[in-house]
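A.B. asks: Input structure: entry.csv, which contains CSV, C-alpha atoms and all ligand atoms.
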```
chain,number,residue,atom,x,y,z
A,1,MET,CA,107.9,64.5,43.3
A,2,THR,CA,105.0,65.5,45.5
A,3,ASN,CA,106.2,64.5,48.9
A,4,GLY,CA,105.8,68.0,50.3
A,5,GLY,CA,102.1,67.4,50.9
A,6,THR,CA,99.2,69.3,49.5
A,7,VAL,CA,98.8,73.1,49.3
A,8,LEU,CA,95.3,74.3,48.6
A,9,LEU,CA,94.9,77.7,46.8
A,10,ILE,CA,91.5,79.4,47.0
A,11,GLU,CA,91.7,82.2,44.4
A,12,ASP,CA,89.5,83.3,41.5
A,13,GLU,CA,92.3,84.6,39.3
A,14,ALA,CA,93.5,81.8,37.0
A,15,GLU,CA,96.7,83.5,36.1
A,16,ILE,CA,97.9,83.8,39.7
A,17,ALA,CA,96.9,80.2,40.2
A,18,GLU,CA,99.0,79.0,37.3
A,19,LEU,CA,102.1,80.9,38.5
A,20,LEU,CA,101.7,79.5,42.0
A,21,ARG,CA,101.1,76.0,40.7
A,22,MET,CA,104.4,76.0,38.8
A,23,ALA,CA,106.3,77.3,41.8
A,24,PHE,CA,104.8,75.0,44.4
A,25,GLU,CA,105.0,71.9,42.2
A,26,ARG,CA,108.7,72.7,41.6
A,27,GLU,CA,109.1,72.7,45.4
A,28,GLY,CA,107.6,69.2,45.6
A,29,PHE,CA,104.1,70.1,46.8
A,30,ARG,CA,100.9,68.7,45.3
A,31,PHE,CA,98.9,71.8,44.3
A,32,VAL,CA,95.1,72.0,44.4
A,33,HIS,CA,93.2,75.1,43.2
A,34,ALA,CA,89.7,76.1,44.0
A,35,LEU,CA,88.0,79.1,42.3
A,36,SER,CA,85.6,80.0,45.1
A,37,GLY,CA,85.4,79.9,48.9
A,38,GLU,CA,82.6,77.4,48.8
A,39,SER,CA,84.5,74.9,46.6
A,40,GLY,CA,87.7,75.5,48.6
A,41,LEU,CA,85.9,74.5,51.8
A,42,GLU,CA,84.6,71.4,50.0
A,43,GLN,CA,88.2,70.5,48.9
A,44,LEU,CA,89.4,70.9,52.4
A,45,ARG,CA,86.7,68.5,53.7
A,46,ASP,CA,87.7,65.9,51.0
A,47,ARG,CA,91.4,65.9,51.3
A,48,GLU,CA,94.2,66.7,53.7
A,49,ALA,CA,95.9,70.0,53.0
A,50,ARG,CA,99.1,71.0,54.8
A,51,ALA,CA,98.5,74.7,54.0
A,52,VAL,CA,95.8,76.9,52.6
A,53,LEU,CA,96.6,80.0,50.5
A,54,LEU,CA,93.5,82.1,50.7
A,55,ASP,CA,92.6,85.2,48.6
A,56,VAL,CA,90.5,87.8,50.3
A,57,GLY,CA,88.5,89.0,47.3
A,58,LEU,CA,86.5,86.0,46.1
A,59,PRO,CA,83.1,85.7,44.4
A,60,GLY,CA,80.5,84.4,46.9
A,61,ILE,CA,81.8,84.3,50.5
A,62,ASP,CA,84.9,86.3,50.9
A,63,GLY,CA,88.3,85.1,52.2
A,64,PHE,CA,87.7,86.3,55.7
A,65,GLU,CA,84.5,84.3,56.0
A,66,VAL,CA,86.3,81.3,54.5
A,67,CYS,CA,89.0,81.6,57.1
A,68,ARG,CA,86.5,81.8,59.9
A,69,ARG,CA,84.8,78.6,58.6
A,70,ILE,CA,88.2,76.8,58.3
A,71,ARG,CA,89.1,77.8,61.9
A,72,ALA,CA,85.8,76.5,63.2
A,73,THR,CA,87.1,73.0,62.5
A,74,SER,CA,90.7,73.0,61.5
A,75,ASP,CA,94.2,74.3,62.5
A,76,VAL,CA,95.6,74.0,59.0
A,77,PRO,CA,98.0,76.9,58.4
A,78,VAL,CA,96.3,79.7,56.4
A,79,ILE,CA,98.1,82.4,54.5
A,80,MET,CA,95.9,85.3,53.3
A,81,LEU,CA,96.5,87.0,49.9
A,82,THR,CA,95.3,90.5,50.4
A,83,ALA,CA,94.7,92.8,47.5
A,84,ARG,CA,95.0,96.0,49.4
A,85,ASP,CA,97.8,97.0,51.7
A,86,THR,CA,95.4,98.3,54.3
A,87,GLU,CA,95.7,98.0,58.0
A,88,ILE,CA,92.2,96.6,58.4
A,89,ASP,CA,92.6,93.7,56.0
A,90,THR,CA,95.8,92.5,57.5
A,91,ILE,CA,94.7,92.9,61.1
A,92,VAL,CA,91.3,91.3,60.5
A,93,GLY,CA,93.0,88.4,58.7
A,94,LEU,CA,95.5,87.7,61.5
A,95,GLU,CA,92.8,88.2,64.2
A,96,ILE,CA,90.4,85.6,62.7
A,97,GLY,CA,93.2,83.1,62.7
A,98,ALA,CA,95.3,83.4,59.6
A,99,ASP,CA,98.9,82.5,60.2
A,100,ASP,CA,100.4,85.1,57.8
A,101,TYR,CA,99.6,87.2,54.8
A,102,VAL,CA,101.1,88.6,51.7
A,103,THR,CA,100.0,91.7,49.8
A,104,LYS,CA,99.3,91.6,46.1
A,105,PRO,CA,101.2,92.0,43.9
A,106,PHE,CA,103.5,89.6,45.8
A,107,SER,CA,106.6,87.8,44.8
A,108,VAL,CA,106.0,84.1,44.2
A,109,ARG,CA,109.3,83.2,45.8
A,110,GLU,CA,108.3,85.2,48.9
A,111,LEU,CA,105.0,83.4,49.2
A,112,VAL,CA,106.7,80.0,48.8
A,113,ALA,CA,109.2,81.0,51.5
A,114,ARG,CA,106.5,82.2,53.9
A,115,THR,CA,104.5,79.0,53.3
A,116,LYS,CA,107.5,76.9,54.3
A,117,ALA,CA,108.1,79.1,57.4
A,118,VAL,CA,104.5,78.7,58.5
A,119,LEU,CA,104.7,74.9,57.9
A,120,ARG,CA,107.9,74.7,59.9
A,121,ARG,CA,106.3,76.5,62.8
A,122,SER,CA,103.0,74.7,62.8
A,123,GLU,CA,104.6,71.3,62.7
A,124,GLU,CA,107.3,71.8,65.2
A,125,ALA,CA,107.0,69.6,68.3
A,126,PRO,CA,105.3,71.7,71.0
A,127,VAL,CA,108.1,71.3,73.4
A,128,GLU,CA,109.1,74.2,75.6
A,129,ARG,CA,112.4,75.4,74.3
A,130,SER,CA,114.9,76.8,76.8
A,131,VAL,CA,117.2,78.5,74.3
A,132,ILE,CA,116.1,80.0,71.0
A,133,GLU,CA,118.7,81.1,68.5
A,134,VAL,CA,117.7,83.9,66.2
A,135,ALA,CA,119.9,85.8,63.8
A,136,GLY,CA,123.0,85.0,65.9
A,137,PHE,CA,121.5,86.0,69.2
A,138,LEU,CA,121.0,83.3,71.9
A,139,VAL,CA,117.8,83.9,73.8
A,140,ASP,CA,118.1,81.9,77.1
A,141,GLY,CA,114.7,81.3,78.7
A,142,GLY,CA,116.1,79.9,81.8
A,143,ARG,CA,118.6,82.7,82.6
A,144,ARG,CA,116.3,85.3,80.9
A,145,GLU,CA,119.3,86.8,79.2
A,146,VAL,CA,120.5,87.3,75.7
A,147,THR,CA,123.9,86.6,74.3
A,148,GLY,CA,124.7,88.7,71.2
A,149,PRO,CA,126.8,87.6,68.2
A,150,ASN,CA,129.7,89.4,69.7
A,151,GLY,CA,129.4,87.4,72.9
A,152,VAL,CA,128.1,90.3,75.0
A,153,VAL,CA,125.4,89.2,77.5
A,154,VAL,CA,122.4,91.5,78.0
A,155,ARG,CA,119.7,91.2,80.6
A,156,PRO,CA,116.5,92.9,79.4
A,157,THR,CA,113.7,93.9,81.8
A,158,ALA,CA,111.2,91.1,82.5
A,159,ARG,CA,108.6,92.4,80.1
A,160,GLU,CA,111.2,93.1,77.4
A,161,PHE,CA,112.4,89.6,77.7
A,162,ASP,CA,108.9,88.1,77.5
A,163,LEU,CA,108.2,90.2,74.3
A,164,LEU,CA,111.5,89.1,72.8
A,165,TRP,CA,110.8,85.5,73.7
A,166,TYR,CA,107.4,85.6,72.0
A,167,LEU,CA,108.8,87.2,68.8
A,168,ALA,CA,111.8,84.8,68.7
A,169,ASP,CA,109.6,81.8,69.3
A,170,HIS,CA,107.6,82.8,66.2
A,171,ALA,CA,110.5,83.9,64.1
A,172,GLY,CA,109.7,84.6,60.5
A,173,LEU,CA,106.0,85.2,61.2
A,174,VAL,CA,104.2,88.5,61.3
A,175,LEU,CA,102.6,89.1,64.7
A,176,SER,CA,99.9,91.7,65.1
A,177,ARG,CA,100.0,94.1,68.0
A,178,ALA,CA,96.8,92.5,69.3
A,179,GLN,CA,98.4,89.1,69.3
A,180,ILE,CA,101.5,90.4,71.0
A,181,LEU,CA,99.5,92.2,73.7
A,182,GLU,CA,97.4,89.1,74.4
A,183,ALA,CA,100.4,86.8,74.6
A,184,VAL,CA,102.8,89.0,76.5
A,185,TRP,CA,100.6,91.3,78.5
A,186,GLY,CA,97.6,89.1,78.9
A,187,TYR,CA,93.9,89.3,78.1
A,188,ASP,CA,93.1,91.7,81.0
A,189,TYR,CA,95.6,94.3,79.9
A,190,PHE,CA,93.8,97.6,79.3
A,191,GLY,CA,96.7,99.7,78.2
A,192,GLU,CA,97.7,100.9,74.7
A,193,THR,CA,99.3,98.9,71.9
A,194,ARG,CA,101.9,101.8,71.9
A,195,THR,CA,103.4,100.0,74.9
A,196,ILE,CA,104.7,97.4,72.5
A,197,ASP,CA,106.4,100.0,70.3
A,198,VAL,CA,108.2,101.4,73.3
A,199,HIS,CA,109.4,98.0,74.4
A,200,VAL,CA,110.5,97.1,70.9
A,201,ARG,CA,112.5,100.4,70.8
A,202,GLN,CA,114.2,99.4,74.0
A,203,LEU,CA,115.1,96.0,72.8
A,204,ARG,CA,116.5,97.4,69.6
A,205,LYS,CA,118.6,99.8,71.6
A,206,LYS,CA,119.9,97.1,74.0
A,207,LEU,CA,120.4,94.4,71.4
A,208,ASP,CA,122.2,96.1,68.5
A,209,GLY,CA,121.6,94.3,65.2
A,210,LEU,CA,118.6,92.3,66.4
A,211,PRO,CA,116.4,92.1,63.3
A,212,ILE,CA,113.0,93.1,64.7
A,213,GLU,CA,111.2,94.3,61.6
A,214,THR,CA,108.2,96.7,61.8
A,215,VAL,CA,105.4,95.5,59.6
A,216,TRP,CA,103.6,98.7,58.8
A,217,GLY,CA,100.0,98.9,60.1
A,218,VAL,CA,100.2,95.4,61.6
A,219,GLY,CA,102.9,94.7,64.1
A,220,TYR,CA,106.3,93.1,64.2
A,221,ARG,CA,108.3,90.2,62.8
A,222,ILE,CA,111.7,89.0,63.9
A,223,ASP,CA,113.7,87.6,61.0
A,224,GLU,CA,115.1,84.1,61.3
B,301,CA,CA,90.4,87.7,43.9
```
Show me, as C-alpha cells, the structure contained in the file I just sent.

C.D. replies:
Amino acid sequence: MTNGGTVLLIEDEAEIAELLRMAFEREGFRFVHALSGESGLEQLRDREARAVLLDVGLPGIDGFEVCRRIRATSDVPVIMLTARDTEIDTIVGLEIGADDYVTKPFSVRELVARTKAVLRRSEEAPVERSVIEVAGFLVDGGRREVTGPNGVVVRPTAREFDLLWYLADHAGLVLSRAQILEAVWGYDYFGETRTIDVHVRQLRKKLDGLPIETVWGVGYRIDE
C-alpha cells in the first residue's frame, strides 16, 4: 500500500533513514532516501515527492542550501531535521521556506504526525474560510468574534483577532515571530517582535484554555 504518495528523506545517517522508512511505509507512503543534498535534489527533479524531510547537517551542501534550492523551483512541503535545538537553526530554516522542523533526537511518531499535518495544510483548497474551529473554539472571521467551548462569546481587539486568525488558519504548524509579524503586522512594521508576545498573552487571558503553545526560541503554534 503506497497510495500516500512519495516522501523523500535527505539524510546521511542510514540508521535514522531505516527507522523512518519503516514508519512511513507503514503509513502507506512510498519512501525514497538520498544520502546527500546533491542526490536529494536530483531525486526531486526525477520524481514527484509530496513532502521532503531534510537534515541540516549533510556532507557537501548543507540542508539550508538544499532548502533554498528547492524553494527556487518548488512549493513541496519541507520539514527540517535539526541536530541542535538552537534558535538560529530553527529560525533560519523557517525563514528560508521550510514548513516545519523537528529537533534531533525526535520521536518518529511525532515526525510522521507533523508530516501529515503539513500535507493537510499544503493541499487544502485555498478558499477563504469564514469560520475556523480549533480545539473547541469557533473563530468567526465575519463577525470577528470567538465562541469558546463553554459557549461564551469573546470579541478580541482587531489586532488580537488577526493574530488568532493567522495562528488558527495554520493550526498544528510552528510559526516564527518573523512570519507572524509579516503576516499580521505587515512588511512595513518596524516595531519589536515582543509585540506578538504581548498579544498572545492577551489572547490567552481572554480565551481561557486556547492551546497557543510557545515554541521556545522560534514563535508559536496553536494545537489542532
Ligand atoms: Ca546529518

A.B. asks: Taking (96.9, 71.3, 52.3) in the file's coordinates, which residues come within 8 Å, counting only C-alpha atoms, written as a list in words?

C.D. replies: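 Those residues lying close to the given coordinates are Gly5, Thr6, Val7, Leu8, Leu44, Arg47, Glu48, Ala49, Arg50, Ala51, Val52 and Val76 of chain A.
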
A.B. asks: Restrict the selected residues to C-alpha atoms and save them as a PDB file, keeping the file's coordinate frame.

C.D. replies:
```pdb
ATOM      1  CA  GLY A   5     102.100  67.400  50.900  1.00  0.00           C
ATOM      2  CA  THR A   6      99.200  69.300  49.500  1.00  0.00           C
ATOM      3  CA  VAL A   7      98.800  73.100  49.300  1.00  0.00           C
ATOM      4  CA  LEU A   8      95.300  74.300  48.600  1.00  0.00           C
ATOM      5  CA  LEU A  44      89.400  70.900  52.400  1.00  0.00           C
ATOM      6  CA  ARG A  47      91.400  65.900  51.300  1.00  0.00           C
ATOM      7  CA  GLU A  48      94.200  66.700  53.700  1.00  0.00           C
ATOM      8  CA  ALA A  49      95.900  70.000  53.000  1.00  0.00           C
ATOM      9  CA  ARG A  50      99.100  71.000  54.800  1.00  0.00           C
ATOM     10  CA  ALA A  51      98.500  74.700  54.000  1.00  0.00           C
ATOM     11  CA  VAL A  52      95.800  76.900  52.600  1.00  0.00           C
ATOM     12  CA  VAL A  76      95.600  74.000  59.000  1.00  0.00           C
TER      13      VAL A  76
END
```

A.B. asks: One number please: CA of Arg144 (chain A) to CA of Leu210 (chain A), in Å, one decimal.

C.D. replies: 16.3 Å

A.B. asks: Point out the residue among A:Glu110, A:Asp46, A:Glu18, A:Glu160 with the least atom-to-atom distance to His33 (chain A), counting all atoms listed in the file.

C.D. replies: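 Closest residue, counting all atoms listed in the file: A:Glu18.
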
A.B. asks: Output the neighbourhood of ligand CA 301 (chain B) as a ChimeraX atom specification, that is, all protein and nucleic acid residues with some atom at most 6 Å from the ligand, counting all atoms listed in the file.

C.D. replies: /A:11-13,55,57-58

A.B. asks: Which residues are close to Glu133 (chain A), i.e. within 10 Å by all atoms listed in the file, leaving aside same-chain residues fewer than 5 positions away? Reply as a PyMOL selection string.

C.D. replies: chain A and resi 138-140+146-147+168-169+171+224

A.B. asks: Leaving out Phe106 (chain A) and any residue of its chain fewer than 2 positions from it, which residues lie within 12 Å of it when counting all atoms listed in the file, given as a PyMOL selection string?

C.D. replies: chain A and resi 16+19-20+80-85+101-104+108-114

A.B. asks: To one decimal place in Å, what is the distance between CA of Leu163 (chain A) and CA of Asp197 (chain A)?

C.D. replies: 10.7 Å

A.B. asks: One decimal, Å: what's the distance from CA of Glu38 (chain A) over to CA of Val66 (chain A), could you say?

C.D. replies: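 Value for the CA of Glu38 (chain A)-CA of Val66 (chain A) distance: 7.8 Å.
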
A.B. asks: Can you work out which one of A:Gly172, A:Ala178, A:Ser74, A:Gly186 has the shortest atom-to-atom distance to Ile212 (chain A), counting all atoms listed in the file?

C.D. replies: A:Gly172

A.B. asks: Do you know which residues are at most 6 Å from Val218 (chain A) counting all atoms listed in the file, after dropping those on the same chain fewer than 2 positions away, and could you put them as a list in words?

C.D. replies: Ser176, Val215 and Trp216 of chain A

A.B. asks: What would region 46-65 of chain A look like with N, CA, C and O atoms in place, written as an mmCIF file, keeping the file's coordinate frame?

C.D. replies:
```
data_model
loop_
_atom_site.group_PDB
_atom_site.id
_atom_site.type_symbol
_atom_site.label_atom_id
_atom_site.label_comp_id
_atom_site.auth_asym_id
_atom_site.auth_seq_id
_atom_site.Cartn_x
_atom_site.Cartn_y
_atom_site.Cartn_z
ATOM 1 N N ASP A 46 87.407 67.145 51.746
ATOM 2 C CA ASP A 46 87.700 65.900 51.000
ATOM 3 C C ASP A 46 89.095 65.408 51.099
ATOM 4 O O ASP A 46 89.382 64.261 50.833
ATOM 5 N N ARG A 47 90.016 66.304 51.359
ATOM 6 C CA ARG A 47 91.400 65.900 51.300
ATOM 7 C C ARG A 47 92.188 66.623 52.403
ATOM 8 O O ARG A 47 91.767 67.649 52.905
ATOM 9 N N GLU A 48 93.347 66.076 52.708
ATOM 10 C CA GLU A 48 94.200 66.700 53.700
ATOM 11 C C GLU A 48 95.105 67.713 53.076
ATOM 12 O O GLU A 48 95.870 67.350 52.186
ATOM 13 N N ALA A 49 95.007 68.957 53.493
ATOM 14 C CA ALA A 49 95.900 70.000 53.000
ATOM 15 C C ALA A 49 96.897 70.337 54.107
ATOM 16 O O ALA A 49 96.515 70.375 55.265
ATOM 17 N N ARG A 50 98.142 70.601 53.740
ATOM 18 C CA ARG A 50 99.100 71.000 54.800
ATOM 19 C C ARG A 50 99.055 72.522 54.966
ATOM 20 O O ARG A 50 99.452 73.020 56.007
ATOM 21 N N ALA A 51 98.615 73.238 53.931
ATOM 22 C CA ALA A 51 98.500 74.700 54.000
ATOM 23 C C ALA A 51 97.470 75.201 53.073
ATOM 24 O O ALA A 51 97.229 74.590 52.027
ATOM 25 N N VAL A 52 96.830 76.318 53.430
ATOM 26 C CA VAL A 52 95.800 76.900 52.600
ATOM 27 C C VAL A 52 96.302 78.356 52.228
ATOM 28 O O VAL A 52 96.676 79.121 53.127
ATOM 29 N N LEU A 53 96.327 78.678 50.937
ATOM 30 C CA LEU A 53 96.600 80.000 50.500
ATOM 31 C C LEU A 53 95.261 80.623 50.100
ATOM 32 O O LEU A 53 94.576 80.081 49.233
ATOM 33 N N LEU A 54 94.869 81.710 50.752
ATOM 34 C CA LEU A 54 93.500 82.100 50.700
ATOM 35 C C LEU A 54 93.376 83.591 50.216
ATOM 36 O O LEU A 54 93.809 84.503 50.933
ATOM 37 N N ASP A 55 92.793 83.809 49.060
ATOM 38 C CA ASP A 55 92.600 85.200 48.600
ATOM 39 C C ASP A 55 91.434 85.807 49.360
ATOM 40 O O ASP A 55 90.471 85.129 49.746
ATOM 41 N N VAL A 56 91.546 87.122 49.606
ATOM 42 C CA VAL A 56 90.500 87.800 50.300
ATOM 43 C C VAL A 56 89.284 88.087 49.415
ATOM 44 O O VAL A 56 88.131 87.816 49.745
ATOM 45 N N GLY A 57 89.581 88.625 48.212
ATOM 46 C CA GLY A 57 88.500 89.000 47.300
ATOM 47 C C GLY A 57 88.064 87.845 46.437
ATOM 48 O O GLY A 57 88.702 87.521 45.447
ATOM 49 N N LEU A 58 86.956 87.209 46.850
ATOM 50 C CA LEU A 58 86.500 86.000 46.100
ATOM 51 C C LEU A 58 85.005 86.257 45.751
ATOM 52 O O LEU A 58 84.292 86.990 46.441
ATOM 53 N N PRO A 59 84.547 85.624 44.666
ATOM 54 C CA PRO A 59 83.100 85.700 44.400
ATOM 55 C C PRO A 59 82.398 84.812 45.451
ATOM 56 O O PRO A 59 82.996 83.867 45.961
ATOM 57 N N GLY A 60 81.180 85.163 45.820
ATOM 58 C CA GLY A 60 80.500 84.400 46.900
ATOM 59 C C GLY A 60 81.064 84.828 48.239
ATOM 60 O O GLY A 60 81.359 86.005 48.441
ATOM 61 N N ILE A 61 81.248 83.874 49.136
ATOM 62 C CA ILE A 61 81.800 84.300 50.500
ATOM 63 C C ILE A 61 83.228 84.702 50.307
ATOM 64 O O ILE A 61 83.982 84.139 49.528
ATOM 65 N N ASP A 62 83.587 85.765 51.061
ATOM 66 C CA ASP A 62 84.900 86.300 50.900
ATOM 67 C C ASP A 62 85.949 85.511 51.732
ATOM 68 O O ASP A 62 85.599 84.616 52.504
ATOM 69 N N GLY A 63 87.240 85.866 51.535
ATOM 70 C CA GLY A 63 88.300 85.100 52.200
ATOM 71 C C GLY A 63 88.240 85.137 53.699
ATOM 72 O O GLY A 63 88.592 84.152 54.352
ATOM 73 N N PHE A 64 87.776 86.254 54.263
ATOM 74 C CA PHE A 64 87.700 86.300 55.700
ATOM 75 C C PHE A 64 86.692 85.282 56.243
ATOM 76 O O PHE A 64 86.927 84.605 57.230
ATOM 77 N N GLU A 65 85.555 85.209 55.559
ATOM 78 C CA GLU A 65 84.500 84.300 56.000
ATOM 79 C C GLU A 65 85.016 82.814 55.797
ATOM 80 O O GLU A 65 84.772 81.940 56.634
#
```
